[in-house]
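Engineer: One structure follows; several queries about it will come next.
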Amino acid sequence: MGIKGLTKLLADNAPRGMKEQKFESYFGRKIAIDASMSIYQFLIVVGRSGTEMLTNEAGETTSHLVGMFSRTIRLLEAGIKPVYVFDGKPPDLKKQELAKRYSRREDATDDLAKATEIGNKEDIEKFSKRTVKVTPQHNDDCKKLLRLMGVPVVEAPSEAEAQCAALCKAEKVYAVASEDMDSLTFGASRFLRHLMDPSSKKIPVMEFDISQILEELELSMDQFIDLCILCGCDYCDSIRGIGPQTALKLVRQHGSMESILENINKERYQIPDDWPYEEARRLFKEPLVTDDEQTELKWAAPDEEGLINFLVKENGFNIDRVTKAVEKIKTAKTKSSQGRYELLSKNLLMVNDVGKNCHSLNFFKS
């Protein structure tokens, strides 16, 4: 779910903290990607027609593998160095939200059965997408694929978004890519939306800068976290009647959640019983993540034989396409290395030019 209404709130109140960027502008950048979010998108979009999905001869779904393989190659060809981060065990406080999602999938399954019975193609398409769930097998398949491609995989102890944000704060990566805005609440210094969209959509990447956002909102990071909790997050219900704009007004007026709850009109706004905002705040401020010193990110050459065995022999991919894809990965790796060398050379030339100019200035001064 992320943070309810946060994108529009920032567009209205902190527009300088958001900017559209070209996909190609991230050449040479290391980007931490929320893997589960990407896999979910692939399962919904890739090769789907109604209830039908791409499968191998054993009838096992392969949409996630097709999507992950092609989209990762696109990133590598653009000179981007992706790091995929996978979810671990969710916090106990998220159980209520997960239960809601389960209930929504159950309702969608019932609606899908009714739509199938009467042959309503539009409803079949709509409700079948709502039944999609990323399984441990989907995750394991993608981890294996990425490792064979030479792309680093990080297994978070808990929330992937929190681990992505930790990598970003530790400057192990340039930015976090996801569609859920709570990466910002976890403190990611830069956050990207639409990076993983297919090129056919032609949607620019939207980059968010947390320091600029805080400056424009005139909030501290602690106040921003309280704002996100008030808007509505995965860890606790929001207060009925308080939307994003009202939440921002209250945080600016009172400064903290404690002061808001003390001064709020209790007759107008019903605060949920045992509202766990303090625990939610703690999860955003001190999430369970792997120590950045223990996280080593390495991009390696693709394992061509391993990829052919896994994709072609086990999952029915076309061998010619896989072989060509492997060549693309190898070419992209060479291109990325050359690009970094050229960028370094350019920077050194600039430093030398600055040095010469400074020397000239000193000469004329004397």
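If you're wondering about the labels, chains in the structure tokens are A, B, ... by order shown, residues count from 1 in each chain, ligands from 1 in order shown.
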Could you pull out the helix (DSSP H, G or I) residues of region 64-281 of chain A, going by DSSP on the backbone, and write them as an NGL selection string?
Structural biologist: :A and (64-77 or 92-118 or 121-130 or 136-149 or 160-169 or 182-185 or 199-201 or 210-217 or 221-231 or 244-254 or 257-263 or 277-281)
Engineer: If you run DSSP on the backbone here, which positions in region 201-294 of chain A get strand (DSSP E or B)? Please write them as a VMD selection string.
Structural biologist: chain A and resid 205 to 209
Engineer: Take the residues from that selection and put them in a file with all heavy atoms, as an mmCIF file, in the first residue's frame.
Structural biologist:
data_model
loop_
_atom_site.group_PDB
_atom_site.id
_atom_site.type_symbol
_atom_site.label_atom_id
_atom_site.label_comp_id
_atom_site.auth_asym_id
_atom_site.auth_seq_id
_atom_site.Cartn_x
_atom_site.Cartn_y
_atom_site.Cartn_z
ATOM 1 N N VAL A 205 11.007 8.790 -15.628
ATOM 2 C CA VAL A 205 11.264 8.406 -14.239
ATOM 3 C C VAL A 205 11.009 9.624 -13.359
ATOM 4 O O VAL A 205 11.419 10.741 -13.700
ATOM 5 C CB VAL A 205 12.721 7.918 -14.070
ATOM 6 C CG1 VAL A 205 13.011 7.587 -12.609
ATOM 7 C CG2 VAL A 205 12.995 6.719 -14.967
ATOM 8 N N MET A 206 10.324 9.415 -12.245
ATOM 9 C CA MET A 206 10.101 10.511 -11.294
ATOM 10 C C MET A 206 11.065 10.321 -10.122
ATOM 11 O O MET A 206 11.034 9.306 -9.444
ATOM 12 C CB MET A 206 8.658 10.503 -10.798
ATOM 13 C CG MET A 206 8.332 11.640 -9.839
ATOM 14 S SD MET A 206 8.528 13.281 -10.578
ATOM 15 C CE MET A 206 7.078 13.339 -11.628
ATOM 16 N N GLU A 207 11.932 11.306 -9.921
ATOM 17 C CA GLU A 207 12.919 11.230 -8.840
ATOM 18 C C GLU A 207 12.512 12.156 -7.695
ATOM 19 O O GLU A 207 12.199 13.324 -7.908
ATOM 20 C CB GLU A 207 14.304 11.614 -9.358
ATOM 21 C CG GLU A 207 15.385 11.554 -8.275
ATOM 22 C CD GLU A 207 16.791 11.793 -8.821
ATOM 23 O OE1 GLU A 207 17.083 11.366 -9.959
ATOM 24 O OE2 GLU A 207 17.597 12.420 -8.086
ATOM 25 N N PHE A 208 12.523 11.611 -6.492
ATOM 26 C CA PHE A 208 12.193 12.365 -5.287
ATOM 27 C C PHE A 208 13.468 12.531 -4.456
ATOM 28 O O PHE A 208 14.221 11.576 -4.273
ATOM 29 C CB PHE A 208 11.159 11.613 -4.433
ATOM 30 C CG PHE A 208 9.826 11.404 -5.104
ATOM 31 C CD1 PHE A 208 9.662 10.406 -6.060
ATOM 32 C CD2 PHE A 208 8.727 12.187 -4.773
ATOM 33 C CE1 PHE A 208 8.433 10.196 -6.676
ATOM 34 C CE2 PHE A 208 7.495 11.987 -5.378
ATOM 35 C CZ PHE A 208 7.350 10.990 -6.329
ATOM 36 N N ASP A 209 13.679 13.741 -3.945
ATOM 37 C CA ASP A 209 14.845 14.041 -3.108
ATOM 38 C C ASP A 209 14.344 14.396 -1.717
ATOM 39 O O ASP A 209 13.693 15.421 -1.524
ATOM 40 C CB ASP A 209 15.626 15.211 -3.718
ATOM 41 C CG ASP A 209 16.906 15.513 -2.963
ATOM 42 O OD1 ASP A 209 16.838 15.725 -1.737
ATOM 43 O OD2 ASP A 209 17.976 15.548 -3.602
#
Engineer: For region 29-138 of chain A against region 149-155 of chain A, with a cut-off of 10 Å and counting only C-alpha atoms, what is the closest atom pair and its distance in Å to one decimal for every residue that makes the cut, ordered by chain and number, as a tab-separated table?
Structural biologist:
residue	atom	partner	partner_atom	distance
A:Ala32	CA	A:Val154	CA	9.3
A:Ile33	CA	A:Val153	CA	9.8
A:Ala35	CA	A:Val153	CA	9.2
A:Phe69	CA	A:Met149	CA	8.5
A:Thr72	CA	A:Val151	CA	8.8
A:Ile73	CA	A:Met149	CA	9.1
A:Leu76	CA	A:Val151	CA	9.5
A:Lys81	CA	A:Val151	CA	8.0
A:Pro82	CA	A:Val151	CA	6.9
A:Val83	CA	A:Pro152	CA	5.3
A:Tyr84	CA	A:Val153	CA	5.1
A:Val85	CA	A:Val154	CA	4.7
A:Phe86	CA	A:Glu155	CA	5.0
A:Asp87	CA	A:Glu155	CA	6.5
A:Gly88	CA	A:Glu155	CA	6.7
Engineer: For the residues in that selection, give me all heavy atoms as a CSV table (one decimal), in the first residue's frame.
Structural biologist:
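Output file result-v4.csv follows:
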chain,number,residue,atom,x,y,z
A,32,ALA,N,19.0,0.4,-5.9
A,32,ALA,CA,18.4,-0.7,-5.2
A,32,ALA,C,17.0,-0.8,-5.5
A,32,ALA,O,16.2,0.2,-5.5
A,32,ALA,CB,18.6,-0.4,-3.7
A,33,ILE,N,16.5,-2.0,-5.9
A,33,ILE,CA,15.2,-2.2,-6.4
A,33,ILE,C,14.4,-3.1,-5.5
A,33,ILE,O,14.9,-4.2,-5.1
A,33,ILE,CB,15.2,-2.8,-7.9
A,33,ILE,CG1,16.0,-1.8,-8.8
A,33,ILE,CG2,13.8,-3.1,-8.4
A,33,ILE,CD1,16.3,-2.4,-10.2
A,35,ALA,N,12.4,-5.9,-5.1
A,35,ALA,CA,12.2,-7.0,-6.0
A,35,ALA,C,10.7,-7.5,-6.0
A,35,ALA,O,10.1,-7.8,-7.1
A,35,ALA,CB,13.1,-8.2,-5.6
A,69,PHE,N,13.9,-11.1,-16.5
A,69,PHE,CA,15.1,-11.2,-17.5
A,69,PHE,C,15.1,-10.0,-18.4
A,69,PHE,O,16.2,-9.4,-18.6
A,69,PHE,CB,14.9,-12.5,-18.2
A,69,PHE,CG,16.1,-13.0,-19.0
A,69,PHE,CD1,17.3,-13.0,-18.4
A,69,PHE,CD2,16.0,-13.4,-20.3
A,69,PHE,CE1,18.5,-13.5,-19.1
A,69,PHE,CE2,17.1,-13.9,-21.0
A,69,PHE,CZ,18.3,-13.9,-20.4
A,72,THR,N,15.7,-6.5,-16.6
A,72,THR,CA,17.0,-6.3,-16.0
A,72,THR,C,18.0,-6.1,-17.2
A,72,THR,O,19.0,-5.3,-17.0
A,72,THR,CB,17.4,-7.6,-15.2
A,72,THR,OG1,16.5,-7.8,-14.2
A,72,THR,CG2,18.8,-7.4,-14.6
A,73,ILE,N,17.9,-6.8,-18.3
A,73,ILE,CA,18.7,-6.5,-19.4
A,73,ILE,C,18.6,-5.1,-19.9
A,73,ILE,O,19.6,-4.4,-20.2
A,73,ILE,CB,18.4,-7.5,-20.6
A,73,ILE,CG1,18.9,-8.9,-20.2
A,73,ILE,CG2,19.1,-7.1,-21.9
A,73,ILE,CD1,18.5,-10.0,-21.2
A,76,LEU,N,20.7,-3.0,-17.6
A,76,LEU,CA,22.1,-3.2,-17.8
A,76,LEU,C,22.5,-2.5,-19.1
A,76,LEU,O,23.6,-1.9,-19.2
A,76,LEU,CB,22.4,-4.7,-17.9
A,76,LEU,CG,22.2,-5.4,-16.5
A,76,LEU,CD1,22.4,-6.9,-16.8
A,76,LEU,CD2,23.2,-5.0,-15.5
A,81,LYS,N,23.3,-0.2,-12.8
A,81,LYS,CA,23.8,-1.3,-12.0
A,81,LYS,C,22.7,-1.6,-11.0
A,81,LYS,O,22.7,-1.1,-9.9
A,81,LYS,CB,25.1,-1.0,-11.4
A,81,LYS,CG,26.2,-0.6,-12.4
A,81,LYS,CD,27.5,-0.5,-11.7
A,81,LYS,CE,28.2,-1.8,-11.5
A,81,LYS,NZ,29.6,-1.7,-11.0
A,82,PRO,N,21.8,-2.6,-11.3
A,82,PRO,CA,20.7,-2.9,-10.3
A,82,PRO,C,21.1,-3.8,-9.2
A,82,PRO,O,22.0,-4.7,-9.4
A,82,PRO,CB,19.7,-3.6,-11.2
A,82,PRO,CG,20.5,-4.2,-12.3
A,82,PRO,CD,21.7,-3.3,-12.5
A,83,VAL,N,20.5,-3.6,-8.1
A,83,VAL,CA,20.6,-4.4,-6.9
A,83,VAL,C,19.2,-4.8,-6.5
A,83,VAL,O,18.4,-3.9,-6.2
A,83,VAL,CB,21.3,-3.7,-5.7
A,83,VAL,CG1,21.5,-4.7,-4.5
A,83,VAL,CG2,22.7,-3.1,-6.1
A,84,TYR,N,18.9,-6.1,-6.5
A,84,TYR,CA,17.5,-6.5,-6.2
A,84,TYR,C,17.4,-6.9,-4.7
A,84,TYR,O,18.2,-7.7,-4.3
A,84,TYR,CB,17.0,-7.6,-7.1
A,84,TYR,CG,16.7,-7.1,-8.5
A,84,TYR,CD1,17.6,-7.2,-9.5
A,84,TYR,CD2,15.4,-6.7,-8.8
A,84,TYR,CE1,17.3,-6.7,-10.8
A,84,TYR,CE2,15.1,-6.2,-10.1
A,84,TYR,CZ,16.1,-6.3,-11.1
A,84,TYR,OH,15.7,-5.8,-12.3
A,85,VAL,N,16.5,-6.3,-4.0
A,85,VAL,CA,16.3,-6.5,-2.6
A,85,VAL,C,15.0,-7.3,-2.3
A,85,VAL,O,13.9,-6.8,-2.8
A,85,VAL,CB,16.4,-5.2,-1.7
A,85,VAL,CG1,16.3,-5.5,-0.3
A,85,VAL,CG2,17.7,-4.5,-2.0
A,86,PHE,N,15.1,-8.4,-1.7
A,86,PHE,CA,13.9,-9.3,-1.4
A,86,PHE,C,13.4,-9.2,0.0
A,86,PHE,O,14.2,-9.1,0.9
A,86,PHE,CB,14.2,-10.7,-1.8
A,86,PHE,CG,14.4,-11.0,-3.2
A,86,PHE,CD1,15.5,-10.7,-3.9
A,86,PHE,CD2,13.3,-11.6,-4.0
A,86,PHE,CE1,15.6,-10.9,-5.3
A,86,PHE,CE2,13.4,-11.8,-5.3
A,86,PHE,CZ,14.6,-11.5,-6.0
A,87,ASP,N,12.1,-9.2,0.2
A,87,ASP,CA,11.5,-9.2,1.5
A,87,ASP,C,11.9,-10.3,2.4
A,87,ASP,O,12.1,-11.5,1.9
A,87,ASP,CB,10.0,-9.1,1.4
A,87,ASP,CG,9.4,-7.8,1.1
A,87,ASP,OD1,9.9,-6.8,1.7
A,87,ASP,OD2,8.6,-7.7,0.2
A,88,GLY,N,12.0,-10.1,3.7
A,88,GLY,CA,12.2,-11.2,4.7
A,88,GLY,C,10.9,-11.3,5.4
A,88,GLY,O,9.8,-11.1,4.9
Engineer: Write out as number ranges by chain each polymer residue whose atoms come within 12 Å of Gln245 (chain A), counting only C-alpha atoms; drop sequence neighbours fewer than 5 positions from it.
Structural biologist: A: 4-13, 217, 227-228, 230-231, 250-252
Engineer: What does the distance from CA of Lys126 (chain A) to CA of Asp110 (chain A) come to in Å, to one decimal?
Structural biologist: 12.5 Å
Engineer: Between CA of Ala280 (chain A) and CA of Pro91 (chain A), measure the distance and give it in Å to one decimal.
Structural biologist: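 These two atoms are separated by 9.9 Å.
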Engineer: Quick one, how far is CA of Glu122 (chain A) from CA of Val45 (chain A)?
Structural biologist: 15.1 Å
Engineer: From the set A:Ile31, A:Ile329, A:Ile242, A:Met18, which residue has the shortest atom-to-atom contact distance to Val176 (chain A), counting only C-alpha atoms?
Structural biologist: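 Closest residue, counting only C-alpha atoms: A:Ile31.
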Engineer: Which residue gives the smallest distance to Tyr40 (chain A) among A:Leu311, A:Ala165, A:Met68, A:Ile229, with only C-alpha atoms counted?
Structural biologist: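 The answer is A:Met68, which sits nearest to Tyr40 (chain A).
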Engineer: Which of these, A:Lys121, A:Lys285, A:Arg105, A:Arg321, has the shortest distance to Asp182 (chain A) once you count only C-alpha atoms?
Structural biologist: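 Using only C-alpha atoms, Asp182 (chain A) sits closest to A:Lys285.
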Engineer: Can you tell me, as a ChimeraX atom specification, what residues are no more than 10 Å from Ser25 (chain A) when counting only C-alpha atoms, ignoring any on the same chain fewer than 4 positions away?
Structural biologist: /A:21,29,78-80,205
